[in-house]
Structures are given as structure tokens and as C-alpha cells.
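The structure appears below as C-alpha cells.
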Amino acid sequence: MTTSNKPAITYFIADLHLSENRPDITACFLRFLKNDAINAEKLYILGDLFEAWVGDDDDSPYLKTIAAALTTLSQCGTKVYYIHGNRDFLIGKRYAKQASMQLLPEIDTIDLYGQPVVIMHGDTLCTRDIDYQKFRKKSRSWWWQTIVKSLPLFVRKNMAANYRKKSAAATAVKSQEIMDVTGSEVIACLEHYQSQLLIHGHTHRPAVHKIIANGESAQRIVLGDWYEQGAWLKVTPNSIELLNQALTS
């Protein structure tokens with residue numbers, strides 16, 4: 001089946017945080033690919049597909065299973081695009097090729113059925129979370145990534161586990177306001193890219209927000225996380241729907 005034979009449907013997902021110790025999330029994701037995404041023209045994964053990513057040299061059977069499922073989807077004619085999240089920003093060209101995903105810039109604009117749309121993970125919008133933004137700047141630098149990637153795989157896995165513990169502890173004491181997006185940053189982004197629609201994840205607060213940008217009405221759509229249910233955005237030329245599904249079928 002080729003893309004031209006697909007219905008005019010585009011899906012967006014984010015914040016699945018896939019890992020071997022959450023087989024329920026994995027099963028829901030695989031069902032989504034098989035039953036829903038396969039009928040779409042395109043699938044955009046806007047970051048944090050995985051709970052953590054320590055390098056493309058991690059060739060565990062679990063990661064190969066996910067790559068194989070995405071490759072099957074691509075072979076069936078659904079184009080798969082990927083924007084890095086704050087958990088899996090080290091995904092590189094090697095795994096992207098293995099999973100038949102096209103890597104996109106951290107902020108990108110797409111033509112969505114005639115409408116220019118800004119897509120991103122969303123963490124750059126949370127400017128009030130100063131500690132995180134400092135870490136983000138450091139961890140995206142070439143020198144930091146070069147040092148980390150040079151470490152043995154088991155060391156990187158331990159580092160990732162320790163970071164997740166520290167991150168969870170820090171998040172527990174931060175206010176919801178600090179961890180949410182900064183409104184002025186959202187408007188500045190839309191005005192910079194001359195768009196009236198922004199789609200992102202990261203905050204785990206699925207909703208459609210109506211705002212004003214470029215002097216006109218605009219929307220910010222937040223994708224849901226997959227901790228308690230499957231969650232995706234379905235877009236057609238005539239509709240936009242935030243949908244969810246129980247993790248267990």
C-alpha cells in the first residue's frame with residue numbers, strides 16, 4: 001500500500017515513555033500502530049517515545065521490536081517523523097534508520113492540509129523551569145554528548161536511571177505553574193513562524209487552548225501522555241480530535 005492510497009489522516013503522539021517494565025503501554029502502542037496509524041498518511045512522534053535513551057548502540061531486543069513495528073508501518077505506506085524529547089534526545093541517525101523514521105528539527109513547521117502548523121516536543125516553552133533549561137542547554141551541547149557517548153553502555157544506563165530518580169524528586173517539589181508552558185513564549189513562537197496552530201507534548205496536559213497570535217485567533221494543542229491510557233491527536237482536512245484508549249484491550 002502506498003501513501004497515495006491512504007485516507008487523509010495524520011496522527012500525532014508524544015510522551016509514551018516506552019520501557020520494558022511497562023508492557024501495557026508497549027502493547028497499546030503496538031495496537032495503535034496496527035489498527036490506527038496504518039490507515040494514516042503520516043505519523044508524527046513529538047518526543048519521549050522512550051522513557052530513556054542512552055545511545056544508538058543499545059541493541060536490546062526490546063528496542064529492536066519497537067523499530068521493527070515502526071518499519072512495518074512505514075513499509076505499509078505511513079510516513080513516520082520524529083522530533084526529539086527531553087528523555088530521548090540522544091536518538092541518532094542509526095536508530096532512526098533502523099526504525100524507518102525521519103528525524104526533524106526540534107521545532108518544525110509543516111503543511112497540515114493547507115494550514116501551516118508548528119510542531120515541537122514542548123520543553124523549550126517551559127522557560128520558568130530554570131533548572132531544567134540549564135540542564136537542557138548543557139545536554140544538547142556537542143561536548144557533553146561526545147563525553148557521554150564515549151562512556152560504556154552500562155555506565156550510561158546507570159546514569160540515565162539516576163537522572164530519572166533525581167528528575168522525579170525535583171518535579172515533585174516544583175509548582176505546576178513552573179512546569180507548564182510560558183504563555184508569552186507560545187505566542188512568540190507562533191508569531192515567529194507565522195502560524196495559528198501549535199502542536200506539542202511534554203506537559204502531559206492534553207487540551208486545546210484558544211489564544212491570540214499574529215492578531216488573530218489561534219490554537220495550542222497539547223498531546224496526552226501514555227501513563228494511564230493511549231493518547232493521540234487525529235487530524236483530517238475537516239476535523240481535529242484528541243483521542244484516548246485504555247491501555248488494556
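Letters for chains follow the order of the C-alpha cells (A, B, ...), residue numbers begin at 1 for each chain, and ligand numbers begin at 1 in the order shown.
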
DSSP-assigned alpha helix (DSSP H) among stretch 19-146 of chain A, expressed as a VMD selection string: chain A and resid 23 to 35 61 to 75 93 to 98 130 to 139 142 to 146

Just write the chosen residues, C-alpha atoms, as a compact mmCIF listing (two decimals), in the first residue's frame.
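This is the output file result_21.txt:
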# COMPACT_ATOMS: atom_id res chain seq x y z
CA PRO A 23 4.37 -3.86 28.84
CA ASP A 24 0.85 -2.42 28.99
CA ILE A 25 1.99 0.82 27.33
CA THR A 26 4.02 -1.11 24.77
CA ALA A 27 1.05 -3.33 23.88
CA CYS A 28 -1.21 -0.29 23.50
CA PHE A 29 1.33 1.41 21.23
CA LEU A 30 1.70 -1.66 19.03
CA ARG A 31 -2.09 -1.92 18.73
CA PHE A 32 -2.25 1.75 17.79
CA LEU A 33 0.28 1.22 15.01
CA LYS A 34 -1.52 -1.88 13.72
CA ASN A 35 -5.11 -0.65 13.99
CA PRO A 61 15.69 -6.99 21.73
CA TYR A 62 13.04 -4.63 23.12
CA LEU A 63 14.31 -1.65 21.13
CA LYS A 64 14.59 -3.83 18.04
CA THR A 65 10.93 -4.83 18.48
CA ILE A 66 9.82 -1.20 18.52
CA ALA A 67 11.99 -0.40 15.50
CA ALA A 68 10.56 -3.38 13.60
CA ALA A 69 6.98 -2.28 14.33
CA LEU A 70 7.67 1.24 13.06
CA THR A 71 9.42 -0.14 9.99
CA THR A 72 6.40 -2.32 9.22
CA LEU A 73 4.20 0.76 9.50
CA SER A 74 6.47 2.66 7.11
CA GLN A 75 6.52 -0.22 4.65
CA LYS A 93 20.52 8.53 12.64
CA ARG A 94 21.37 4.88 13.24
CA TYR A 95 18.23 4.06 15.19
CA ALA A 96 16.12 6.39 13.08
CA LYS A 97 17.14 4.41 10.01
CA GLN A 98 16.51 1.12 11.82
CA ILE A 130 15.14 27.46 35.00
CA ASP A 131 16.98 24.41 36.39
CA TYR A 132 15.70 22.21 33.59
CA GLN A 133 16.54 24.76 30.93
CA LYS A 134 20.13 24.94 32.23
CA PHE A 135 20.42 21.15 32.01
CA ARG A 136 18.81 21.16 28.58
CA LYS A 137 21.33 23.65 27.23
CA LYS A 138 24.23 21.60 28.60
CA SER A 139 22.91 18.22 27.46
CA TRP A 142 28.26 18.67 21.30
CA TRP A 143 30.91 18.35 24.01
CA TRP A 144 28.50 16.91 26.61
CA GLN A 145 27.10 14.39 24.15
CA THR A 146 30.57 13.43 22.96

Can I get the residues of stretch 98-171 of chain A within 12 Å of stretch 218-231 of chain A, each with the closest pair of atoms and their distance in Å to one decimal, using only C-alpha atoms, sorted chain first then ascending number, as JSON lines?
{"residue": "A:Gln115", "atom": "CA", "partner": "A:Ala218", "partner_atom": "CA", "distance": 11.8}
{"residue": "A:Pro116", "atom": "CA", "partner": "A:Ala218", "partner_atom": "CA", "distance": 11.7}
{"residue": "A:Val117", "atom": "CA", "partner": "A:Gln219", "partner_atom": "CA", "distance": 10.0}
{"residue": "A:Val118", "atom": "CA", "partner": "A:Arg220", "partner_atom": "CA", "distance": 9.5}
{"residue": "A:Ile119", "atom": "CA", "partner": "A:Ile221", "partner_atom": "CA", "distance": 9.8}
{"residue": "A:Met120", "atom": "CA", "partner": "A:Val222", "partner_atom": "CA", "distance": 10.4}
{"residue": "A:His121", "atom": "CA", "partner": "A:Leu223", "partner_atom": "CA", "distance": 9.5}
{"residue": "A:Gly122", "atom": "CA", "partner": "A:Val222", "partner_atom": "CA", "distance": 8.8}
{"residue": "A:Asp123", "atom": "CA", "partner": "A:Val222", "partner_atom": "CA", "distance": 11.8}
{"residue": "A:Leu125", "atom": "CA", "partner": "A:Arg220", "partner_atom": "CA", "distance": 11.7}

Atom CA of A:Ala52 to atom CA of A:Arg87, distance in Å rounded to a single decimal: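 Atom CA of A:Arg87 lies at a distance of 5.0 Å from atom CA of A:Ala52.
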
For A:Glu177, which residue among A:Cys126, A:Lys165, A:Asn158, A:Glu216 is the nearest when counting only C-alpha atoms? A:Cys126

Do a neighbour search on A:Ala8 at 7 Å with only C-alpha atoms, toss out local chain neighbours closer than 3 positions, and write the hits as a list in words.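 With the cut-off at 7 Å, the set is Ala40, Glu41, Thr236 and Pro237 of chain A.
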
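Of the listed residues (A:Lys157, A:Ser141, A:Asp36, A:His200), A:Asp36 comes nearest to A:Leu243; the distances count only C-alpha atoms.
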
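Coordinates place atom CA of A:Ala169 at a distance of 22.8 Å from atom CA of A:Val148.
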
Rounded to one decimal place, report the atom CA of A:Arg128-atom CA of A:Thr203 distance in Å.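 Going from atom CA of A:Arg128 over to atom CA of A:Thr203, I get 13.0 Å.
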
Could you make a table, as JSON lines, of the residues of stretch 183-230 of chain A that have an atom within 10 Å of an atom of stretch 103-113 of chain A, each with its nearest atom pair and distance in Å to one decimal, counting only C-alpha atoms, in chain and number order?
{"residue": "A:Cys189", "atom": "CA", "partner": "A:Ile107", "partner_atom": "CA", "distance": 9.5}
{"residue": "A:Tyr193", "atom": "CA", "partner": "A:Thr109", "partner_atom": "CA", "distance": 7.5}
{"residue": "A:Gln194", "atom": "CA", "partner": "A:Thr109", "partner_atom": "CA", "distance": 9.7}
{"residue": "A:Ser195", "atom": "CA", "partner": "A:Thr109", "partner_atom": "CA", "distance": 8.5}
{"residue": "A:Leu197", "atom": "CA", "partner": "A:Leu112", "partner_atom": "CA", "distance": 9.9}
{"residue": "A:Leu198", "atom": "CA", "partner": "A:Thr109", "partner_atom": "CA", "distance": 9.2}
{"residue": "A:His200", "atom": "CA", "partner": "A:Ile107", "partner_atom": "CA", "distance": 9.8}

Filtering to N, CA and C atoms, could you give me those residues as an mmCIF file, in the first residue's frame?
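Heads up, here's the output in result-v8.cif:
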data_model
loop_
_atom_site.group_PDB
_atom_site.id
_atom_site.type_symbol
_atom_site.label_atom_id
_atom_site.label_comp_id
_atom_site.auth_asym_id
_atom_site.auth_seq_id
_atom_site.Cartn_x
_atom_site.Cartn_y
_atom_site.Cartn_z
ATOM 1 N N CYS A 189 6.456 32.157 19.622
ATOM 2 C CA CYS A 189 6.761 31.062 18.693
ATOM 3 C C CYS A 189 5.828 31.099 17.488
ATOM 4 N N TYR A 193 6.925 32.002 13.497
ATOM 5 C CA TYR A 193 6.725 31.091 12.366
ATOM 6 C C TYR A 193 5.465 31.424 11.563
ATOM 7 N N GLN A 194 4.800 32.523 11.912
ATOM 8 C CA GLN A 194 3.606 32.972 11.186
ATOM 9 C C GLN A 194 2.587 31.835 11.045
ATOM 10 N N SER A 195 2.232 31.264 12.188
ATOM 11 C CA SER A 195 1.287 30.152 12.218
ATOM 12 C C SER A 195 0.203 30.425 13.254
ATOM 13 N N LEU A 197 -1.450 27.633 14.595
ATOM 14 C CA LEU A 197 -1.644 26.355 15.284
ATOM 15 C C LEU A 197 -0.309 25.782 15.724
ATOM 16 N N LEU A 198 -0.228 25.460 17.011
ATOM 17 C CA LEU A 198 0.958 24.845 17.600
ATOM 18 C C LEU A 198 0.545 23.510 18.219
ATOM 19 N N HIS A 200 2.130 20.305 20.493
ATOM 20 C CA HIS A 200 3.289 19.857 21.281
ATOM 21 C C HIS A 200 2.866 18.875 22.366
#

Could you check which of A:Leu247, A:Val54, A:Ala213, A:Ile91 is closest to A:Val186, using only C-alpha atoms? A:Ala213
